[in-house]
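**Student:** Got a file for you: entry-v2.cif, mmCIF, C-alpha atoms and all ligand atoms.
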data_target
loop_
_atom_site.label_atom_id
_atom_site.label_comp_id
_atom_site.auth_asym_id
_atom_site.auth_seq_id
_atom_site.Cartn_x
_atom_site.Cartn_y
_atom_site.Cartn_z
CA MET A 1 93.69 82.50 209.00
CA LYS A 2 90.61 84.59 208.23
CA ASN A 3 89.30 83.94 204.70
CA LYS A 4 91.64 80.94 204.29
CA ARG A 5 89.93 77.88 202.82
CA ILE A 6 91.30 74.55 203.94
CA LEU A 7 90.29 71.25 202.40
CA LEU A 8 91.01 68.63 205.05
CA ILE A 9 91.37 65.05 203.81
CA ILE A 10 91.04 62.48 206.59
CA SER A 11 92.27 59.00 205.76
CA GLY A 12 92.12 55.77 207.72
CA GLY A 13 94.03 55.62 210.99
CA ILE A 14 93.37 55.87 214.68
CA ALA A 15 94.76 59.44 214.53
CA ALA A 16 91.59 60.39 212.59
CA TYR A 17 90.00 61.25 215.93
CA LYS A 18 92.60 64.01 216.37
CA SER A 19 91.47 65.54 213.06
CA LEU A 20 88.18 66.45 214.70
CA GLU A 21 90.19 68.61 217.08
CA LEU A 22 92.11 70.02 214.11
CA ILE A 23 88.82 71.06 212.48
CA ARG A 24 87.84 72.80 215.71
CA LEU A 25 91.20 74.63 215.94
CA LEU A 26 91.08 75.67 212.29
CA LYS A 27 87.56 77.02 212.64
CA LYS A 28 88.54 78.87 215.81
CA SER A 29 91.45 80.49 213.95
CA GLY A 30 89.03 81.87 211.36
CA ALA A 31 89.57 79.41 208.49
CA SER A 32 86.77 77.72 206.59
CA VAL A 33 87.17 73.95 206.53
CA GLY A 34 85.80 71.57 203.91
CA CYS A 35 86.39 67.87 204.51
CA ILE A 36 86.80 64.62 202.62
CA LEU A 37 86.64 61.42 204.64
CA THR A 38 88.03 58.25 203.03
CA LYS A 39 86.42 54.84 203.45
CA GLY A 40 89.26 54.01 205.89
CA GLY A 41 88.66 57.24 207.78
CA GLU A 42 84.97 56.32 208.13
CA GLN A 43 86.06 53.29 210.15
CA PHE A 44 87.29 55.65 212.86
CA ILE A 45 85.05 58.73 212.74
CA THR A 46 81.74 59.48 211.04
CA PRO A 47 80.81 61.97 208.32
CA LEU A 48 78.24 63.35 210.74
CA SER A 49 80.83 64.32 213.37
CA VAL A 50 83.03 65.87 210.66
CA ALA A 51 80.13 67.83 209.14
CA SER A 52 78.91 68.95 212.57
CA LEU A 53 82.29 70.37 213.52
CA SER A 54 83.18 71.88 210.14
CA GLY A 55 79.71 73.26 209.48
CA GLN A 56 80.01 72.01 205.91
CA GLN A 57 79.07 68.88 204.05
CA CYS A 58 81.57 66.03 204.48
CA TYR A 59 82.40 64.47 201.09
CA THR A 60 83.07 60.74 200.94
CA ASP A 61 82.15 59.40 197.54
CA LEU A 62 83.88 59.83 194.17
CA PHE A 63 80.85 58.73 192.24
CA SER A 64 78.15 60.59 194.13
CA LEU A 65 75.91 62.12 191.46
CA LYS A 66 74.46 64.53 193.97
CA ASP A 67 77.87 65.81 195.12
CA GLU A 68 79.22 66.01 191.58
CA THR A 69 76.35 68.24 190.46
CA GLU A 70 76.68 70.47 193.51
CA MET A 71 80.49 70.56 193.81
CA GLY A 72 82.51 68.35 191.43
CA HIS A 73 85.78 66.85 192.68
CA ILE A 74 87.81 69.14 190.41
CA GLN A 75 86.03 72.15 191.84
CA LEU A 76 86.57 70.83 195.35
CA SER A 77 90.32 70.65 194.76
CA ARG A 78 90.50 74.15 193.28
CA ASP A 79 88.29 75.96 195.74
CA ALA A 80 90.71 75.57 198.64
CA ASP A 81 93.84 77.62 199.39
CA LEU A 82 95.54 74.58 200.90
CA LEU A 83 94.87 70.83 201.01
CA VAL A 84 95.75 69.21 204.33
CA VAL A 85 95.94 65.42 204.53
CA ALA A 86 95.68 64.44 208.20
CA PRO A 87 96.10 61.70 209.02
CA ALA A 88 97.97 60.71 205.85
CA SER A 89 98.05 56.91 206.00
CA ALA A 90 100.85 54.86 204.40
CA ASP A 91 98.33 53.71 201.82
CA LEU A 92 97.21 57.21 200.84
CA LEU A 93 100.85 58.41 200.62
CA ALA A 94 101.58 55.45 198.32
CA ARG A 95 98.59 56.24 196.16
CA MET A 96 99.59 59.92 196.03
CA ALA A 97 103.14 58.95 195.03
CA GLN A 98 101.75 56.78 192.23
CA GLY A 99 99.28 59.42 191.07
CA ARG A 100 96.30 57.11 191.62
CA SER A 101 92.73 58.36 191.46
CA ASP A 102 90.85 55.44 192.94
CA ASP A 103 88.78 57.34 195.49
CA LEU A 104 87.61 60.89 196.07
CA ALA A 105 90.63 61.79 198.27
CA ALA A 106 93.28 60.58 195.80
CA THR A 107 91.42 62.05 192.81
CA THR A 108 91.11 65.45 194.49
CA ILE A 109 94.83 65.47 195.37
CA LEU A 110 95.71 64.49 191.80
CA ALA A 111 93.46 67.18 190.35
CA THR A 112 94.58 70.05 192.56
CA ASP A 113 96.80 72.94 191.60
CA LYS A 114 97.06 74.08 195.22
CA PRO A 115 99.76 73.31 197.82
CA VAL A 116 99.31 70.08 199.76
CA LEU A 117 100.45 69.52 203.37
CA VAL A 118 100.55 65.96 204.71
CA ALA A 119 100.61 64.82 208.35
CA PRO A 120 101.69 61.16 208.12
CA ALA A 121 100.39 58.75 210.76
CA MET A 122 101.13 55.05 210.86
CA ASN A 123 102.92 52.28 212.70
CA VAL A 124 106.66 52.92 213.19
CA ARG A 125 107.66 49.99 210.96
CA MET A 126 105.36 51.16 208.22
CA TRP A 127 106.85 54.67 208.42
CA ASN A 128 110.41 53.35 208.42
CA HIS A 129 109.73 50.92 205.57
CA ALA A 130 111.78 51.74 202.46
CA ALA A 131 108.59 51.88 200.37
CA THR A 132 107.02 54.60 202.57
CA GLN A 133 110.31 56.51 202.79
CA ASP A 134 110.68 56.38 198.99
CA ASN A 135 107.11 57.57 198.56
CA MET A 136 107.64 60.45 200.98
CA ILE A 137 110.89 61.55 199.30
CA ARG A 138 109.14 61.43 195.94
CA LEU A 139 106.25 63.51 197.22
CA GLU A 140 108.57 66.08 198.80
CA GLN A 141 110.49 66.30 195.54
CA ARG A 142 107.19 67.25 193.94
CA GLY A 143 106.79 70.06 196.46
CA ILE A 144 104.38 68.35 198.88
CA LEU A 145 104.77 69.85 202.40
CA ARG A 146 104.99 67.68 205.52
CA VAL A 147 104.47 68.05 209.26
CA GLY A 148 105.54 65.18 211.54
CA PRO A 149 105.27 62.35 212.19
CA ASP A 150 106.19 62.60 215.88
CA ASP A 151 108.08 60.09 217.97
CA GLY A 152 106.16 58.38 220.71
CA GLU A 153 104.10 55.50 221.93
CA MET A 154 101.70 54.19 219.33
CA ALA A 155 98.16 52.88 219.63
CA CYS A 156 99.57 49.45 218.66
CA GLY A 157 101.95 49.49 221.66
CA GLU A 158 105.17 50.11 219.71
CA TYR A 159 107.40 53.17 220.13
CA GLY A 160 109.04 55.43 217.54
CA PRO A 161 108.28 57.84 214.71
CA GLY A 162 104.82 57.43 213.20
CA ARG A 163 102.43 59.28 215.50
CA MET A 164 100.54 62.03 213.73
CA ALA A 165 101.70 65.52 214.70
CA GLU A 166 99.48 67.07 217.37
CA PRO A 167 96.58 69.18 216.01
CA GLU A 168 98.21 72.32 217.48
CA ASP A 169 101.41 71.56 215.56
CA ILE A 170 99.51 70.93 212.33
CA LEU A 171 97.72 74.25 212.83
CA ALA A 172 101.10 75.93 213.42
CA ALA A 173 102.47 74.41 210.18
CA ILE A 174 99.40 75.65 208.30
CA GLU A 175 99.75 79.12 209.80
CA LYS A 176 103.46 79.12 208.97
CA HIS A 177 102.65 78.20 205.38
CA PHE A 178 100.30 81.16 205.04
CA ALA A 179 102.46 83.55 207.06
CA GLN A 180 105.64 82.62 205.19
CA ASN A 181 106.67 85.82 203.61
CA LYS A 182 107.28 85.55 199.92
CA PRO A 183 110.33 87.77 199.42
CA LEU A 184 110.64 86.71 195.79
CA ALA A 185 107.00 87.44 194.89
CA GLY A 186 106.93 89.33 191.61
CA LYS A 187 110.41 88.05 190.63
CA SER A 188 111.05 85.56 187.87
CA ALA A 189 113.69 82.85 188.01
CA LEU A 190 115.18 80.51 185.47
CA VAL A 191 116.75 77.27 186.72
CA THR A 192 118.58 74.69 184.62
CA SER A 193 118.80 71.15 185.95
CA GLY A 194 119.91 67.63 185.09
CA PRO A 195 122.25 66.43 182.37
CA THR A 196 122.07 67.02 178.65
CA HIS A 197 122.17 64.13 176.21
CA GLU A 198 124.01 64.69 172.96
CA PRO A 199 122.94 62.06 170.43
CA ILE A 200 125.65 60.26 168.48
CA ASP A 201 123.35 58.03 166.46
CA PRO A 202 119.77 56.78 166.97
CA VAL A 203 120.80 54.60 169.96
CA ARG A 204 123.78 56.28 171.61
CA PHE A 205 124.41 59.61 173.29
CA ILE A 206 127.03 61.50 175.30
CA GLY A 207 125.66 62.18 178.78
CA ASN A 208 126.66 62.36 182.42
CA ARG A 209 125.53 61.18 185.84
CA SER A 210 123.60 64.28 186.94
CA SER A 211 120.30 63.30 188.60
CA GLY A 212 118.79 66.81 188.58
CA LYS A 213 117.99 66.52 192.31
CA GLN A 214 119.87 69.70 193.27
CA GLY A 215 118.54 71.79 190.38
CA HIS A 216 114.95 70.66 190.89
CA ALA A 217 115.22 71.35 194.64
CA ILE A 218 116.44 74.89 193.87
CA ALA A 219 113.49 75.48 191.54
CA ILE A 220 111.09 74.34 194.30
CA ALA A 221 112.84 76.45 196.96
CA LEU A 222 112.69 79.60 194.80
CA ALA A 223 109.00 78.97 194.05
CA ASP A 224 108.38 78.50 197.79
CA LEU A 225 109.71 82.03 198.32
CA GLY A 226 107.24 83.33 195.75
CA ALA A 227 109.35 83.44 192.56
CA ASP A 228 107.75 82.65 189.24
CA VAL A 229 110.08 79.82 188.20
CA THR A 230 110.82 78.26 184.83
CA LEU A 231 112.72 75.00 185.16
CA VAL A 232 114.61 73.87 182.07
CA THR A 233 115.58 70.28 182.59
CA GLY A 234 117.48 67.60 180.76
CA PRO A 235 116.42 63.94 180.94
CA VAL A 236 115.95 63.03 184.63
CA ALA A 237 113.95 60.45 186.56
CA LEU A 238 112.26 63.11 188.69
CA PRO A 239 108.66 64.28 188.58
CA ASP A 240 107.91 67.82 187.39
CA PRO A 241 107.57 69.95 190.55
CA LEU A 242 104.01 71.00 191.28
CA GLY A 243 103.11 74.46 190.02
CA ILE A 244 106.47 75.11 188.30
CA LYS A 245 106.63 75.66 184.55
CA THR A 246 108.92 72.83 183.45
CA VAL A 247 110.49 72.69 179.99
CA HIS A 248 112.02 69.37 178.94
CA ILE A 249 115.02 69.41 176.63
CA GLU A 250 117.61 66.89 175.57
CA THR A 251 120.65 68.67 174.16
CA ALA A 252 122.70 71.71 175.22
CA ALA A 253 121.53 73.59 172.13
CA GLU A 254 117.90 72.93 173.11
CA MET A 255 118.64 73.99 176.69
CA LEU A 256 120.12 77.28 175.47
CA ALA A 257 117.10 77.91 173.23
CA ALA A 258 114.69 77.18 176.10
CA CYS A 259 116.65 79.48 178.44
CA ASN A 260 116.66 82.29 175.89
CA ALA A 261 112.92 81.81 175.40
CA SER A 262 112.31 82.23 179.13
CA LEU A 263 114.13 85.58 179.33
CA PRO A 264 113.82 88.18 180.67
CA ALA A 265 114.24 86.80 184.18
CA ASP A 266 115.44 88.41 187.40
CA ILE A 267 117.41 85.38 188.56
CA ALA A 268 119.17 82.55 186.72
CA VAL A 269 120.60 79.48 188.45
CA CYS A 270 122.48 77.16 186.11
CA ALA A 271 122.63 73.88 188.02
CA ALA A 272 122.56 71.67 184.93
CA ALA A 273 125.51 69.46 184.08
CA VAL A 274 125.70 70.45 180.44
CA ALA A 275 127.69 68.12 178.19
CA ASP A 276 130.72 70.05 177.03
CA TRP A 277 130.88 68.44 173.62
CA THR A 278 128.44 67.21 171.02
CA PRO A 279 128.82 65.23 167.85
CA GLY A 280 126.68 67.97 166.28
CA LYS A 281 124.26 66.42 163.86
CA PRO A 282 123.59 62.81 164.92
CA LEU A 283 124.06 60.07 162.34
CA ASP A 284 120.85 58.72 160.80
CA GLN A 285 121.88 55.09 161.23
CA LYS A 286 123.46 53.20 164.12
CA ILE A 287 127.25 53.13 163.83
CA LYS A 288 128.38 49.53 163.19
CA LYS A 289 131.65 47.95 164.33
CA ARG A 290 134.10 47.95 161.46
CA GLY A 291 135.59 44.52 162.03
CA ASP A 292 139.19 45.78 162.20
CA LYS A 293 138.81 46.72 165.92
CA SER A 294 139.27 50.40 165.15
CA PRO A 295 136.90 52.71 167.05
CA PRO A 296 134.63 55.11 165.17
CA ASP A 297 136.11 58.46 164.36
CA LEU A 298 133.78 60.75 166.35
CA LYS A 299 134.20 64.41 165.57
CA LEU A 300 133.07 66.45 168.55
CA ILE A 301 132.36 70.14 168.65
CA GLU A 302 132.11 72.29 171.77
CA ASN A 303 128.62 73.08 173.03
CA PRO A 304 127.51 76.64 173.71
CA ASP A 305 128.16 77.71 177.29
CA ILE A 306 124.69 78.52 178.60
CA LEU A 307 125.85 80.12 181.84
CA ALA A 308 128.34 82.38 180.05
CA THR A 309 125.80 83.24 177.35
CA LEU A 310 123.21 84.25 179.96
CA SER A 311 125.82 86.20 181.97
CA LYS A 312 127.12 88.13 179.01
CA GLY A 313 123.92 88.45 176.96
CA PRO A 314 121.80 91.55 176.40
CA ASN A 315 118.97 90.21 178.61
CA ARG A 316 121.23 89.40 181.55
CA PRO A 317 119.27 88.51 184.69
CA SER A 318 120.29 90.73 187.60
CA LEU A 319 121.65 87.74 189.53
CA VAL A 320 123.30 84.87 187.64
CA ILE A 321 124.52 81.84 189.58
CA GLY A 322 126.52 78.94 188.23
CA PHE A 323 127.77 75.68 189.67
CA ALA A 324 131.30 74.31 189.52
CA ALA A 325 131.35 70.54 189.63
CA GLU A 326 134.94 69.55 190.30
CA THR A 327 136.92 66.49 191.25
CA GLU A 328 140.10 68.43 192.16
CA ASN A 329 141.30 71.99 192.91
CA LEU A 330 137.74 73.01 193.82
CA MET A 331 138.37 76.59 194.91
CA ASP A 332 140.80 77.51 192.12
CA ALA A 333 138.41 76.17 189.52
CA ALA A 334 135.43 77.93 191.13
CA LYS A 335 137.26 81.25 191.22
CA SER A 336 138.35 80.99 187.63
CA LYS A 337 134.83 79.96 186.49
CA LEU A 338 133.38 82.97 188.30
CA LYS A 339 135.60 85.19 186.15
CA SER A 340 135.49 83.36 182.85
CA LYS A 341 131.73 82.81 182.84
CA GLY A 342 130.92 86.33 184.03
CA CYS A 343 128.37 85.15 186.60
CA ASP A 344 127.79 86.68 190.05
CA TRP A 345 128.06 83.61 192.27
CA ILE A 346 129.40 80.10 191.90
CA VAL A 347 128.17 77.20 193.99
CA ALA A 348 131.22 74.96 194.04
CA ASN A 349 130.84 71.29 194.79
CA ASP A 350 133.26 68.44 194.95
CA VAL A 351 131.69 65.69 192.90
CA SER A 352 134.46 63.15 193.43
CA GLU A 353 132.61 61.45 196.29
CA GLY A 354 129.35 60.24 194.80
CA VAL A 355 127.40 63.50 194.82
CA PHE A 356 125.69 62.60 191.55
CA GLY A 357 122.40 60.94 192.37
CA ALA A 358 122.89 61.29 196.14
CA ASP A 359 120.43 63.12 198.40
CA GLU A 360 123.15 65.14 200.17
CA ASN A 361 125.67 67.66 198.95
CA THR A 362 128.60 69.71 200.29
CA VAL A 363 129.00 73.10 198.68
CA THR A 364 130.96 76.35 198.95
CA LEU A 365 129.33 79.59 197.89
CA VAL A 366 131.84 81.73 196.02
CA THR A 367 131.26 85.39 195.12
CA SER A 368 133.62 88.19 194.16
CA ALA A 369 133.74 89.05 197.88
CA GLY A 370 134.84 85.70 199.16
CA ALA A 371 133.78 82.15 199.84
CA GLU A 372 131.71 80.38 202.43
CA GLU A 373 131.78 76.67 203.07
CA TRP A 374 128.40 75.19 203.90
CA GLU A 375 128.06 72.08 206.02
CA LYS A 376 127.11 68.85 204.30
CA ALA A 377 123.32 68.85 204.08
CA GLY A 378 120.38 67.45 202.17
CA LYS A 379 120.02 68.87 198.66
CA GLN A 380 116.65 70.36 199.67
CA ASP A 381 118.26 72.14 202.65
CA ILE A 382 121.04 73.49 200.43
CA ALA A 383 118.43 74.67 197.94
CA HIS A 384 116.48 76.38 200.69
CA LYS A 385 119.59 78.14 202.04
CA LEU A 386 120.59 79.29 198.55
CA ALA A 387 117.05 80.58 197.87
CA GLN A 388 117.16 82.55 201.14
CA ARG A 389 120.51 84.04 200.13
CA ILE A 390 119.13 84.95 196.72
CA ALA A 391 116.11 86.61 198.35
CA ALA A 392 118.36 88.59 200.72
CA HIS A 393 120.56 89.70 197.82
CA ILE A 394 117.64 90.67 195.59
CA SER A 395 116.13 92.83 198.31
CA GLN A 396 119.51 94.45 199.12
CA PRO A 397 121.87 93.84 196.18
CA GLN A 398 124.61 96.04 197.57
CA HIS A 399 124.83 93.86 200.65
CA THR A 400 126.91 90.75 200.12
CA PRO A 401 126.51 88.17 202.89
CA ARG A 402 129.33 87.63 205.41
CA LEU A 403 131.94 85.68 203.49
CA LYS A 404 135.37 84.53 204.50
CA SER A 405 137.74 86.27 202.13
CA VAL A 406 139.64 83.57 200.28
CA LEU A 407 139.51 85.17 196.87
CA SER A 408 142.31 87.66 197.37
N1 LIG B 501 127.58 75.26 181.96
C1 LIG B 501 126.74 75.75 180.98
N2 LIG B 501 126.93 75.38 179.68
C2 LIG B 501 127.95 74.55 179.35
C3 LIG B 501 128.82 74.05 180.35
C4 LIG B 501 128.60 74.43 181.66
O1 LIG B 501 125.80 76.49 181.29
N3 LIG B 501 128.12 74.21 178.07
C5 LIG B 501 127.38 75.72 183.34
C6 LIG B 501 126.91 74.67 184.31
O2 LIG B 501 125.51 74.63 184.38
C7 LIG B 501 127.52 75.18 185.60
C8 LIG B 501 128.79 75.87 185.16
O3 LIG B 501 128.62 76.17 183.79
O4 LIG B 501 126.70 76.16 186.19
C9 LIG B 501 130.06 75.07 185.32
O5 LIG B 501 129.88 73.79 184.77
P1 LIG B 501 131.03 72.71 184.90
O6 LIG B 501 130.56 71.45 184.27
O7 LIG B 501 131.51 72.67 186.34
O8 LIG B 501 132.20 73.37 184.09
P2 LIG B 501 132.48 73.54 182.58
O9 LIG B 501 132.16 74.93 182.18
O10 LIG B 501 131.78 72.48 181.80
O11 LIG B 501 134.04 73.37 182.51
P3 LIG B 501 134.92 72.06 182.82
O12 LIG B 501 134.07 70.86 182.43
O13 LIG B 501 136.10 72.25 181.97
O14 LIG B 501 135.22 72.08 184.29
#
Spell out the structure here as structure tokens.
Ligand code: CTP

**Tutor:**
Amino acid sequence: MKNKRILLIISGGIAAYKSLELIRLLKKSGASVGCILTKGGEQFITPLSVASLSGQQCYTDLFSLKDETEMGHIQLSRDADLLVVAPASADLLARMAQGRSDDLAATTILATDKPVLVAPAMNVRMWNHAATQDNMIRLEQRGILRVGPDDGEMACGEYGPGRMAEPEDILAAIEKHFAQNKPLAGKSALVTSGPTHEPIDPVRFIGNRSSGKQGHAIAIALADLGADVTLVTGPVALPDPLGIKTVHIETAAEMLAACNASLPADIAVCAAAVADWTPGKPLDQKIKKRGDKSPPDLKLIENPDILATLSKGPNRPSLVIGFAAETENLMDAAKSKLKSKGCDWIVANDVSEGVFGADENTVTLVTSAGAEEWEKAGKQDIAHKLAQRIAAHISQPQHTPRLKSVLS
């Protein structure tokens, strides 16, 4: 941890007293620790105790003229290698999820371009509340890291998840973050995600139910392993992941252009659910009902196949991965897509059972060597596993992971 700069943000909660121990452990491990104490945090510990332990000024005020001239809040957020929010109260998590900037802590988190690790601490009911869970999922989708909360007896007398992780465990999570090897450092990756919308007229489009959750999670997982990721996404209700170059497109043609513009890349993962057909040039005016009950005569043309274009193009990434979203004959379709699209791997998933929009997925990884069924898991876990596989392949391309041979 030598030379690592941690900005510790302490919000209001009884667990704030444990953050004093965290400061001590971090200092002992060689890190330098700057601190922000929220108004809530000041109800439990004092700026003086924080400053005494950290050996640095403890910042508390967004509008302190003195602090702003010495070290503005933007500077504060950029000068650290990692922001650690411990304890992260339900209120601060909610404000982070909303992108608020109503105190120094929230403003610094909003302004940072560095990774953020949160250690939630709150009453069990507050942690289990749908609002807090939604906020946490949203934050994790943006790439925010989390340690805890632990199960146990709470200061309020209740029992369950909500206790802040122990300072030793927070230190371990911080050390893991820095120690995490970055096997994809120096590699570039292109990920497509979400649906495409093909406009029919100014108010209607052809689209599909893809939420982009799996594609976005893959972009985050590859970036976590050190890859320089470009995410090309169709219209989704997800935030742009922190620190990932995100290109927003609407149609398949725009997606193809954005993908081509991001080449060359070492890795391409096409997770987008691209509309197969488009009306081509949308009509200038809204199509009106004709009065004779006959439907409009829509002429559709086939969209370019982005995965096949990338796989067969002159700038082919060294590893190209596609998805096969099927409602029947999963393996046959996956095998034939592997051949027809010319990609290296297919991640096959059965989308007949509400995968679109869900947080979990069941997939089978199909390569020319065989297929491997993965257990049902969260989309983030699947993304992480796939990123690990990609990293293993990139470092040893001749070695294909142990696969059950079903392709013969
Ligand atoms: N794909 C693509 N461009 C398209 C269509 C699909 O890049 N115009 C990619 C998807 O991102 C996915 C893979 O091809 O990685 C398979 O997509 P899927 O929708 O399962 O299959 P299609 O090729 O569209 O074929 P079909 O709809 O007939 O199953």

**Student:** For ligand LIG 501 (chain B), which residue out of A:Phe356, A:Phe323, A:Trp374, A:Phe44 is the nearest one, using all atoms listed in the file?

**Tutor:** A:Phe323

**Student:** Using all atoms listed in the file, which residue out of A:Lys335, A:Lys28, A:Arg146, A:Lys114 lies closest to ligand LIG 501 (chain B)?

**Tutor:**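 Checking each of A:Lys335, A:Lys28, A:Arg146, A:Lys114 against ligand LIG 501 (chain B), counting all atoms listed in the file, the winner is A:Lys335.
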
**Student:** Please tabulate, as JSON lines, the residues of chain A that come within 7 Å of ligand LIG 501 (chain B), each with its closest pair of atoms and the distance in Å to one decimal, counting only C-alpha atoms and all ligand atoms and ordering rows by chain, then residue number upward.

**Tutor:**
{"residue": "A:Thr192", "atom": "CA", "partner": "B:LIG501", "partner_atom": "O2", "distance": 6.9}
{"residue": "A:Ala252", "atom": "CA", "partner": "B:LIG501", "partner_atom": "N3", "distance": 6.6}
{"residue": "A:Cys270", "atom": "CA", "partner": "B:LIG501", "partner_atom": "O2", "distance": 4.3}
{"residue": "A:Ala271", "atom": "CA", "partner": "B:LIG501", "partner_atom": "O2", "distance": 4.7}
{"residue": "A:Ala272", "atom": "CA", "partner": "B:LIG501", "partner_atom": "O2", "distance": 4.2}
{"residue": "A:Ala273", "atom": "CA", "partner": "B:LIG501", "partner_atom": "O2", "distance": 5.2}
{"residue": "A:Val274", "atom": "CA", "partner": "B:LIG501", "partner_atom": "C3", "distance": 4.8}
{"residue": "A:Ala275", "atom": "CA", "partner": "B:LIG501", "partner_atom": "N3", "distance": 6.1}
{"residue": "A:Asp276", "atom": "CA", "partner": "B:LIG501", "partner_atom": "N3", "distance": 5.0}
{"residue": "A:Asn303", "atom": "CA", "partner": "B:LIG501", "partner_atom": "N3", "distance": 5.2}
{"residue": "A:Pro304", "atom": "CA", "partner": "B:LIG501", "partner_atom": "N3", "distance": 5.0}
{"residue": "A:Asp305", "atom": "CA", "partner": "B:LIG501", "partner_atom": "N2", "distance": 3.6}
{"residue": "A:Ile306", "atom": "CA", "partner": "B:LIG501", "partner_atom": "O1", "distance": 3.5}
{"residue": "A:Leu307", "atom": "CA", "partner": "B:LIG501", "partner_atom": "O1", "distance": 3.7}
{"residue": "A:Ala308", "atom": "CA", "partner": "B:LIG501", "partner_atom": "O1", "distance": 6.5}
{"residue": "A:Ile321", "atom": "CA", "partner": "B:LIG501", "partner_atom": "O4", "distance": 7.0}
{"residue": "A:Gly322", "atom": "CA", "partner": "B:LIG501", "partner_atom": "O4", "distance": 3.5}
{"residue": "A:Phe323", "atom": "CA", "partner": "B:LIG501", "partner_atom": "O4", "distance": 3.7}
{"residue": "A:Ala324", "atom": "CA", "partner": "B:LIG501", "partner_atom": "O7", "distance": 3.6}
{"residue": "A:Ala325", "atom": "CA", "partner": "B:LIG501", "partner_atom": "O7", "distance": 3.9}
{"residue": "A:Glu326", "atom": "CA", "partner": "B:LIG501", "partner_atom": "O7", "distance": 6.1}
{"residue": "A:Lys337", "atom": "CA", "partner": "B:LIG501", "partner_atom": "C9", "distance": 6.9}

**Student:** Point out the residue among A:Pro183, A:Pro195, A:Pro202, A:Pro115 with the least atom-to-atom distance to A:Pro241, counting all atoms listed in the file.

**Tutor:**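 That would be A:Pro115, the residue with the smallest distance to A:Pro241.
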
**Student:** What separation in Å, quoted to one decimal, exists between atom CA of A:Pro296 and atom CA of A:Ile200?

**Tutor:**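 Spanning atom CA of A:Pro296 to atom CA of A:Ile200 is a straight-line distance of 10.9 Å.
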
**Student:** Please put the answer as JSON: centre and edge lengths, in Å with one decimal, of a box along x, y and z that encloses all listed atoms of stretch 114-131 of chain A plus 8 Å on each side.

**Tutor:**
{"center_x": 104.4, "center_y": 62.0, "center_z": 204.2, "size_x": 30.7, "size_y": 40.1, "size_z": 34.0}

**Student:** To one decimal place, how far is atom CA of A:Ile36 from atom CA of A:Asn181 in Å?

**Tutor:**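 Calculated distance between atom CA of A:Ile36 and atom CA of A:Asn181 is 29.1 Å.
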